[in-house]
$ cat start_15.json   # JSON, C-alpha atoms
[["chain", "number", "residue", "atom", "x", "y", "z"],
["A", 3, "MET", "CA", 0.00, 0.00, 0.00],
["A", 4, "ILE", "CA", 1.33, 3.42, -0.95],
["A", 5, "ARG", "CA", 1.20, 5.95, 1.77],
["A", 6, "LYS", "CA", 1.36, 9.67, 1.42],
["A", 7, "LYS", "CA", 4.48, 11.15, 2.97],
["A", 8, "LYS", "CA", 3.71, 12.72, 6.27],
["A", 9, "ILE", "CA", 4.82, 16.36, 6.28],
["A", 10, "GLN", "CA", 6.73, 17.22, 9.40],
["A", 11, "ASN", "CA", 6.96, 20.67, 10.86],
["A", 12, "GLN", "CA", 10.56, 21.75, 10.82],
["A", 13, "THR", "CA", 11.92, 23.43, 13.88],
["A", 14, "SER", "CA", 13.64, 26.72, 13.40],
["A", 15, "ILE", "CA", 17.32, 26.56, 12.50],
["A", 16, "TRP", "CA", 19.78, 29.39, 12.87],
["A", 17, "ILE", "CA", 22.78, 29.55, 10.54],
["A", 18, "ALA", "CA", 25.13, 32.50, 10.52],
["A", 19, "THR", "CA", 25.35, 34.00, 7.03],
["A", 20, "ASP", "CA", 29.14, 33.99, 7.38],
["A", 21, "ASP", "CA", 28.97, 30.18, 7.56],
["A", 22, "LEU", "CA", 27.17, 29.85, 4.23],
["A", 23, "GLN", "CA", 29.41, 28.82, 1.36],
["A", 24, "VAL", "CA", 27.85, 31.18, -1.18],
["A", 25, "LYS", "CA", 30.11, 32.81, -3.73],
["A", 26, "PRO", "CA", 29.00, 34.75, -6.81],
["A", 27, "GLN", "CA", 29.14, 32.48, -9.86],
["A", 28, "ILE", "CA", 28.55, 34.97, -12.67],
["A", 29, "THR", "CA", 31.99, 36.51, -13.12],
["A", 30, "PHE", "CA", 30.74, 39.05, -15.67],
["A", 31, "TYR", "CA", 28.86, 40.89, -12.92],
["A", 32, "THR", "CA", 31.89, 40.74, -10.62],
["A", 33, "LYS", "CA", 34.10, 42.27, -13.33],
["A", 34, "LEU", "CA", 31.47, 44.84, -14.25],
["A", 35, "ASN", "CA", 31.09, 45.85, -10.61],
["A", 36, "SER", "CA", 34.84, 46.39, -10.18],
["A", 37, "ILE", "CA", 34.89, 48.55, -13.34],
["A", 38, "LEU", "CA", 31.90, 50.59, -12.17],
["A", 39, "GLU", "CA", 33.51, 51.12, -8.77],
["A", 40, "LYS", "CA", 36.79, 52.16, -10.41],
["A", 41, "ILE", "CA", 35.10, 54.94, -12.42],
["A", 42, "GLY", "CA", 32.96, 56.15, -9.51],
["A", 43, "PHE", "CA", 29.75, 55.08, -11.26],
["A", 44, "GLY", "CA", 27.57, 55.52, -8.16],
["A", 45, "THR", "CA", 28.77, 59.08, -7.58],
["A", 46, "GLN", "CA", 28.27, 60.00, -11.25],
["A", 47, "ILE", "CA", 24.75, 58.54, -11.32],
["A", 48, "ARG", "CA", 23.66, 60.17, -8.07],
["A", 49, "LYS", "CA", 24.91, 63.53, -9.39],
["A", 50, "LEU", "CA", 22.97, 63.08, -12.67],
["A", 51, "CYS", "CA", 19.76, 62.08, -10.86],
["A", 52, "GLU", "CA", 19.97, 64.42, -7.87],
["A", 53, "GLN", "CA", 17.57, 67.05, -9.20],
["A", 54, "TYR", "CA", 14.86, 64.43, -9.80],
["A", 55, "TYR", "CA", 14.78, 63.17, -6.23],
["A", 56, "SER", "CA", 12.69, 64.91, -3.61],
["A", 57, "GLY", "CA", 14.36, 66.55, -0.65],
["A", 58, "LYS", "CA", 11.47, 65.55, 1.64],
["A", 59, "THR", "CA", 12.56, 63.99, 4.90],
["A", 60, "ASN", "CA", 9.16, 62.66, 6.03],
["A", 61, "CYS", "CA", 8.93, 59.91, 3.40],
["A", 62, "ARG", "CA", 10.80, 56.63, 3.17],
["A", 63, "PRO", "CA", 14.30, 56.93, 1.71],
["A", 64, "PRO", "CA", 14.46, 56.33, -2.04],
["A", 65, "ILE", "CA", 16.36, 53.50, -3.70],
["A", 66, "ASP", "CA", 19.83, 54.60, -4.73],
["A", 67, "PRO", "CA", 19.77, 55.41, -8.48],
["A", 68, "GLU", "CA", 22.97, 53.35, -8.83],
["A", 69, "ILE", "CA", 21.01, 50.27, -7.71],
["A", 70, "TYR", "CA", 18.15, 51.13, -10.08],
["A", 71, "PHE", "CA", 20.43, 51.38, -13.12],
["A", 72, "LYS", "CA", 22.29, 48.22, -12.16],
["A", 73, "MET", "CA", 18.93, 46.43, -12.05],
["A", 74, "LEU", "CA", 18.10, 47.73, -15.54],
["A", 75, "ILE", "CA", 21.49, 46.49, -16.76],
["A", 76, "ILE", "CA", 20.62, 43.05, -15.38],
["A", 77, "GLY", "CA", 17.23, 43.17, -17.10],
["A", 78, "PHE", "CA", 18.84, 43.99, -20.42],
["A", 79, "PHE", "CA", 21.66, 41.44, -20.24],
["A", 80, "GLU", "CA", 19.34, 38.66, -19.07],
["A", 81, "ASN", "CA", 16.53, 39.51, -21.50],
["A", 82, "LEU", "CA", 13.96, 40.14, -18.78],
["A", 83, "ARG", "CA", 10.77, 41.58, -20.24],
["A", 84, "SER", "CA", 9.27, 43.40, -17.24],
["A", 85, "GLU", "CA", 10.16, 45.24, -14.06],
["A", 86, "ARG", "CA", 8.50, 42.42, -12.12],
["A", 87, "ALA", "CA", 10.86, 39.88, -13.76],
["A", 88, "ILE", "CA", 13.87, 42.11, -13.06],
["A", 89, "ALA", "CA", 12.93, 42.46, -9.39],
["A", 90, "SER", "CA", 12.32, 38.73, -9.07],
["A", 91, "ARG", "CA", 15.67, 37.81, -10.68],
["A", 92, "CYS", "CA", 17.52, 40.26, -8.44],
["A", 93, "ALA", "CA", 15.90, 38.82, -5.32],
["A", 94, "ASP", "CA", 16.67, 35.23, -6.40],
["A", 95, "SER", "CA", 20.32, 35.27, -7.44],
["A", 96, "PHE", "CA", 23.31, 35.30, -5.09],
["A", 97, "SER", "CA", 25.56, 36.69, -7.83],
["A", 98, "ILE", "CA", 23.18, 39.51, -8.66],
["A", 99, "ARG", "CA", 22.64, 40.34, -4.99],
["A", 100, "ALA", "CA", 26.43, 40.70, -4.66],
["A", 101, "PHE", "CA", 26.51, 42.90, -7.79],
["A", 102, "LEU", "CA", 23.81, 45.15, -6.29],
["A", 103, "GLY", "CA", 25.47, 45.18, -2.85],
["A", 104, "TYR", "CA", 22.68, 43.34, -1.00],
["A", 105, "THR", "CA", 23.29, 40.72, 1.67],
["A", 106, "LEU", "CA", 21.21, 37.56, 2.04],
["A", 107, "THR", "CA", 19.10, 39.13, 4.76],
["A", 108, "GLU", "CA", 18.31, 42.41, 2.93],
["A", 109, "SER", "CA", 15.26, 42.82, 0.72],
["A", 110, "THR", "CA", 16.00, 43.91, -2.84],
["A", 111, "PRO", "CA", 13.81, 46.64, -4.42],
["A", 112, "GLU", "CA", 10.34, 45.60, -5.52],
["A", 113, "HIS", "CA", 9.00, 46.11, -9.04],
["A", 114, "SER", "CA", 6.70, 48.94, -7.92],
["A", 115, "THR", "CA", 9.74, 50.89, -6.75],
["A", 116, "LEU", "CA", 11.34, 50.48, -10.17],
["A", 117, "SER", "CA", 8.18, 51.92, -11.75],
["A", 118, "VAL", "CA", 8.25, 54.98, -9.50],
["A", 119, "ILE", "CA", 11.88, 55.71, -10.34],
["A", 120, "ARG", "CA", 11.30, 55.15, -14.08],
["A", 121, "GLN", "CA", 8.48, 57.72, -14.01],
["A", 122, "ARG", "CA", 10.68, 60.17, -12.15],
["A", 123, "LEU", "CA", 13.60, 60.24, -14.58],
["A", 124, "PRO", "CA", 13.60, 61.72, -18.11],
["A", 125, "ARG", "CA", 14.87, 59.74, -21.11],
["A", 126, "SER", "CA", 18.00, 61.90, -21.37],
["A", 127, "ILE", "CA", 19.25, 60.48, -18.06],
["A", 128, "TYR", "CA", 18.96, 56.91, -19.38],
["A", 129, "SER", "CA", 21.01, 57.78, -22.45],
["A", 130, "GLN", "CA", 23.72, 59.46, -20.37],
["A", 131, "VAL", "CA", 23.93, 56.59, -17.89],
["A", 132, "PHE", "CA", 24.15, 53.87, -20.51],
["A", 133, "SER", "CA", 26.70, 55.85, -22.52],
["A", 134, "ILE", "CA", 28.90, 55.88, -19.41],
["A", 135, "ILE", "CA", 28.43, 52.11, -18.98],
["A", 136, "LEU", "CA", 29.10, 51.19, -22.61],
["A", 137, "LYS", "CA", 32.20, 53.39, -22.79],
["A", 138, "GLU", "CA", 33.70, 51.68, -19.75],
["A", 139, "LEU", "CA", 32.74, 48.20, -20.93],
["A", 140, "LYS", "CA", 34.59, 48.87, -24.18],
["A", 141, "ASN", "CA", 37.60, 50.49, -22.46],
["A", 142, "ASN", "CA", 37.97, 47.52, -20.10],
["A", 143, "GLY", "CA", 37.55, 44.75, -22.65],
["A", 144, "LEU", "CA", 34.16, 43.43, -21.53],
["A", 145, "VAL", "CA", 32.69, 44.49, -24.89],
["A", 146, "LYS", "CA", 34.75, 44.04, -28.03],
["A", 147, "GLY", "CA", 32.20, 44.58, -30.80],
["A", 148, "LYS", "CA", 31.55, 40.85, -31.10],
["A", 149, "ASN", "CA", 28.88, 38.56, -29.69],
["A", 150, "LEU", "CA", 28.53, 38.48, -25.93],
["A", 151, "ALA", "CA", 26.94, 35.39, -24.37],
["A", 152, "LEU", "CA", 25.36, 35.37, -20.92],
["A", 153, "ASP", "CA", 23.05, 32.65, -19.66],
["A", 154, "THR", "CA", 22.17, 31.56, -23.22],
["A", 155, "SER", "CA", 21.20, 35.07, -24.35],
["A", 156, "ILE", "CA", 23.33, 36.38, -27.19],
["A", 157, "ILE", "CA", 23.52, 40.13, -27.39],
["A", 158, "GLU", "CA", 25.21, 42.15, -30.11],
["A", 159, "ALA", "CA", 27.93, 43.95, -28.20],
["A", 160, "ASN", "CA", 28.84, 47.31, -29.69],
["A", 161, "ALA", "CA", 29.92, 50.29, -27.62],
["A", 162, "SER", "CA", 27.48, 52.59, -29.43],
["A", 163, "LEU", "CA", 24.14, 53.07, -27.69],
["A", 164, "LEU", "CA", 22.52, 53.75, -31.07],
["A", 165, "VAL", "CA", 23.24, 50.25, -32.39],
["A", 166, "LEU", "CA", 23.02, 48.22, -29.17],
["A", 167, "GLN", "CA", 20.40, 45.54, -29.74],
["A", 168, "ASN", "CA", 19.32, 42.24, -28.28],
["A", 169, "ARG", "CA", 20.12, 39.40, -30.69],
["A", 170, "MET", "CA", 17.15, 37.32, -29.54],
["A", 171, "THR", "CA", 14.49, 39.99, -30.10],
["A", 172, "GLU", "CA", 16.42, 42.40, -32.38],
["A", 173, "GLU", "CA", 15.20, 45.15, -30.08],
["A", 174, "SER", "CA", 17.25, 48.26, -29.33],
["A", 175, "TYR", "CA", 17.88, 49.42, -25.78],
["A", 176, "SER", "CA", 15.57, 52.43, -26.19],
["A", 177, "GLU", "CA", 12.80, 50.15, -27.54],
["A", 178, "TYR", "CA", 13.34, 47.90, -24.51],
["A", 179, "ILE", "CA", 12.89, 50.85, -22.09],
["A", 180, "LYS", "CA", 9.83, 52.11, -24.02],
["A", 181, "LYS", "CA", 8.26, 48.65, -23.84],
["A", 182, "LEU", "CA", 8.82, 48.52, -20.07],
["A", 183, "ALA", "CA", 7.16, 51.93, -19.77],
["A", 184, "GLN", "CA", 4.20, 50.92, -21.96],
["A", 185, "GLU", "CA", 3.65, 47.71, -20.01],
["A", 186, "ALA", "CA", 3.53, 49.77, -16.85],
["A", 187, "GLY", "CA", 1.09, 52.24, -18.45],
["A", 188, "VAL", "CA", 3.49, 55.18, -18.44],
["A", 189, "ASN", "CA", 3.90, 57.73, -21.21],
["A", 190, "SER", "CA", 7.57, 57.41, -22.18],
["A", 191, "GLN", "CA", 7.72, 60.45, -24.45],
["A", 192, "ARG", "CA", 9.69, 62.61, -21.96]]

$ encode --input "start_15.json" --output "structure tokens"
Amino acid sequence: MIRKKKIQNQTSIWIATDDLQVKPQITFYTKLNSILEKIGFGTQIRKLCEQYYSGKTNCRPPIDPEIYFKMLIIGFFENLRSERAIASRCADSFSIRAFLGYTLTESTPEHSTLSVIRQRLPRSIYSQVFSIILKELKNNGLVKGKNLALDTSIIEANASLLVLQNRMTEESYSEYIKKLAQEAGVNSQR
């Protein structure tokens, strides 16, 4: 006679996060992070976005624009079609959490937060930010004008923002951002 497995209630276990043997496995993000740190990416991005963030002190603190743009980079490189998918991937991956600077116990930004920031920033900021990223990727040898493969997605790697396109969908970066905005019901004509 086949019996259904009896589900046991597990008692609570405490494991120090320092004892976990978790190391980032996606070396591209590790290399990209070191390049972005070397050029002071966070400082540059915060300076670009400063005027679009409220100076109010009675609301919850906003997500750092550096984290927001890193999440968009992840969405583009991993061919994620929505802010919800980006947020989910960032919460799920140890490598991506390390890239974003989040520990195992910290919550990563939710998709609704990404939508708020996207609505806040004009298109010109996106172009400036991704020009900075592409220039540094090219200067540091992470993009050589050939095919770049990450997790089975092949992306045409060219250091020009005008010709950057996803090989799977043949979609440009600006089309990708517009599609995210349309799916969220936002007018992206700023």

$ closest_residue --input "start_15.json" --among "A:Ser90, A:Tyr54, A:Ser129, A:Leu123" --to "Tyr175 in chain A" --atoms "only C-alpha atoms"
A:Ser129

$ closest_residue --input "start_15.json" --among "A:Ile135, A:Leu144, A:Leu116, A:Ile37" --to "Ser84 in chain A" --atoms "only C-alpha atoms"
A:Leu116

$ closest_residue --input "start_15.json" --among "A:Leu139, A:Cys51, A:Ile65, A:Ala93" --to "Leu34 in chain A" --atoms "only C-alpha atoms"
A:Leu139

$ residues_around --input "start_15.json" --residues "Ile98 in chain A" --least-positions-apart "2" --cutoff "12 Å" --atoms "all atoms listed in the file" --output "ChimeraX atom specification"
/A:25-32,34-35,69,72-77,79-80,88-96,100-106,110

$ atom_distance --input "start_15.json" --atom1 "CA of Gln121 in chain A" --atom2 "CA of Ala186 in chain A"
9.8 Å

$ closest_residue --input "start_15.json" --among "A:Gly44, A:Ala18, A:Leu38, A:Arg83" --to "Leu136 in chain A" --atoms "only C-alpha atoms"
A:Leu38
